[in-house]
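One structure is given below, encoded as structure tokens.
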Amino acid sequence: MNAFEFIETSIEGNVALIELNRPRQLNSLNRKMVRELVEAMEGFDRDDQVRVMVLAGKGRAFSAGADIDEMTNDDSISLELLNQFADWDRLALIKKPIIGAVKGFVFGGGFELALCCDVLITASGTEFSFPEVGLGVMPGAGGTQRLTKLAGRTKALEWLWTGERISANKALKYGVVNKIVAPELLMEECMKFANKLAKQPPLSLRLIKDSVNKAVDSSLFEGMQYERKNFYLLFSTQDQKEGMNAFVEKRKPDYKGK
């Protein structure tokens, strides 16, 4: 039985599927939904059976953004006391790969959520946007930062200042998404990719993600020193021995995540 009100979760083999489940509201993100999402991901991050997560949205949209009705009467002090983005900060601490399956509208907070994923596969016809400027505000859950690191300063400013809709093709061109597929193939392609990753050594996936994230915010030298320590660390794992022995013995490795 699903324990959440605004999301649905399931596990198939070594892949966990998390689906935003407010289709009538185009999966607009209220605070409880974000909290449930983070709790689910943290739970799967601790679950040895799960090696990869897939994040999707039920209905015709991934997410049309934040639940504006919930925020209309907020002020600066209430948001500070609420610590509005504390749950969002926890998303950045998830160690396992997160594959985003996005379609339809990916707006505002929904776009920020998509940018929290490690790989984005999108359905053709999908539109992305940060429309916050039209509401007299701006993204606050990392949108200005993550978009700039992916698309560059000038393009990020253009999109953030105008709130214009970005096509899937343009998102692919600027490195925001990894792949575009037909809408009817979206989940199949995402699960196929997730299952491919699930066959890789889990600790290698974890430390590769850790090292790449470090590269985003470090100098080349600092990043290389960090990478080296993670490289050394993997030589303490059973999976490293299994992988190299399997290579020498010309057989498929059987990784245990240890």
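Within each chain, counting starts at residue 1; across the structure tokens, chains are named A, B, ... in the order shown, with ligands numbered 1 upward in that order.
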What's around Lys241 (chain A) at 12 Å? Count only C-alpha atoms, leave out sequence neighbours fewer than 6 positions away in its own chain, and write the answer as a list in words.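 Listing them by chain and then by number gives Pro201, Leu234, Phe235, Phe247, Val248, Glu249, Pro253, Asp254, Tyr255, Lys256, Gly257 and Lys258 of chain A.
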Identify, with DSSP run on backbone atoms, the residues in region 72-191 of chain A assigned to alpha helix (DSSP H), and express the list as a ChimeraX atom specification. /A:76-82,86-91,109-115,143-151,153-162,168-173,186-191
With the cut-off set at 12 Å and counting only C-alpha atoms, tabulate each residue of region 39-151 of chain A with an atom at most that distance from an atom of region 174-189 of chain A, showing the nearest atom pair and its distance in Å to one decimal, ordered by chain and increasing number, as a tab-separated table.
residue	atom	partner	partner_atom	distance
A:Val54	CA	A:Met187	CA	9.1
A:Leu55	CA	A:Met187	CA	10.0
A:Ala56	CA	A:Met187	CA	8.3
A:Gly57	CA	A:Met187	CA	10.5
A:Lys58	CA	A:Met187	CA	11.1
A:Gly59	CA	A:Pro183	CA	11.9
A:Arg60	CA	A:Pro183	CA	10.0
A:Ala61	CA	A:Pro183	CA	11.2
A:Phe62	CA	A:Leu186	CA	11.8
A:Ile99	CA	A:Asn178	CA	10.2
A:Gly100	CA	A:Val177	CA	9.3
A:Ala101	CA	A:Leu186	CA	6.7
A:Val102	CA	A:Leu186	CA	8.0
A:Lys103	CA	A:Pro183	CA	7.3
A:Gly104	CA	A:Pro183	CA	9.1
A:Val106	CA	A:Val177	CA	11.9
A:Phe111	CA	A:Val176	CA	10.3
A:Glu112	CA	A:Val176	CA	11.4
A:Ala114	CA	A:Val177	CA	9.3
A:Leu115	CA	A:Val176	CA	7.8
A:Cys116	CA	A:Val176	CA	11.2
A:Cys117	CA	A:Val177	CA	10.0
A:Asp118	CA	A:Asn178	CA	9.7
A:Val119	CA	A:Asn178	CA	6.3
A:Leu120	CA	A:Val177	CA	4.9
A:Ile121	CA	A:Lys179	CA	4.9
A:Thr122	CA	A:Ile180	CA	4.9
A:Ala123	CA	A:Pro183	CA	4.6
A:Ser124	CA	A:Ala182	CA	5.5
A:Gly125	CA	A:Pro183	CA	8.1
A:Thr126	CA	A:Pro183	CA	9.0
A:Glu127	CA	A:Val177	CA	11.6
A:Phe128	CA	A:Val176	CA	9.8
A:Ser129	CA	A:Val176	CA	11.8
A:Gly143	CA	A:Val176	CA	11.8
A:Arg146	CA	A:Val176	CA	9.4
A:Leu147	CA	A:Val176	CA	7.5
A:Thr148	CA	A:Val176	CA	10.0
A:Lys149	CA	A:Val176	CA	9.6
A:Leu150	CA	A:Gly175	CA	6.0
A:Ala151	CA	A:Tyr174	CA	5.2
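Reported to one decimal place, the separation of CA of Glu80 (chain A) from CA of Asp67 (chain A) is 18.1 Å.
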DSSP says strand (DSSP E) for which residues of region 81-197 of chain A? Put them as a VMD selection string? chain A and resid 98 to 102 105 to 107 119 to 123 127 to 129 166 to 167 179 to 181
For CA of Asp239 (chain A) and CA of Ile94 (chain A), the interatomic separation in Å (one decimal):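 Computing it gives 21.1 Å between the two atoms.
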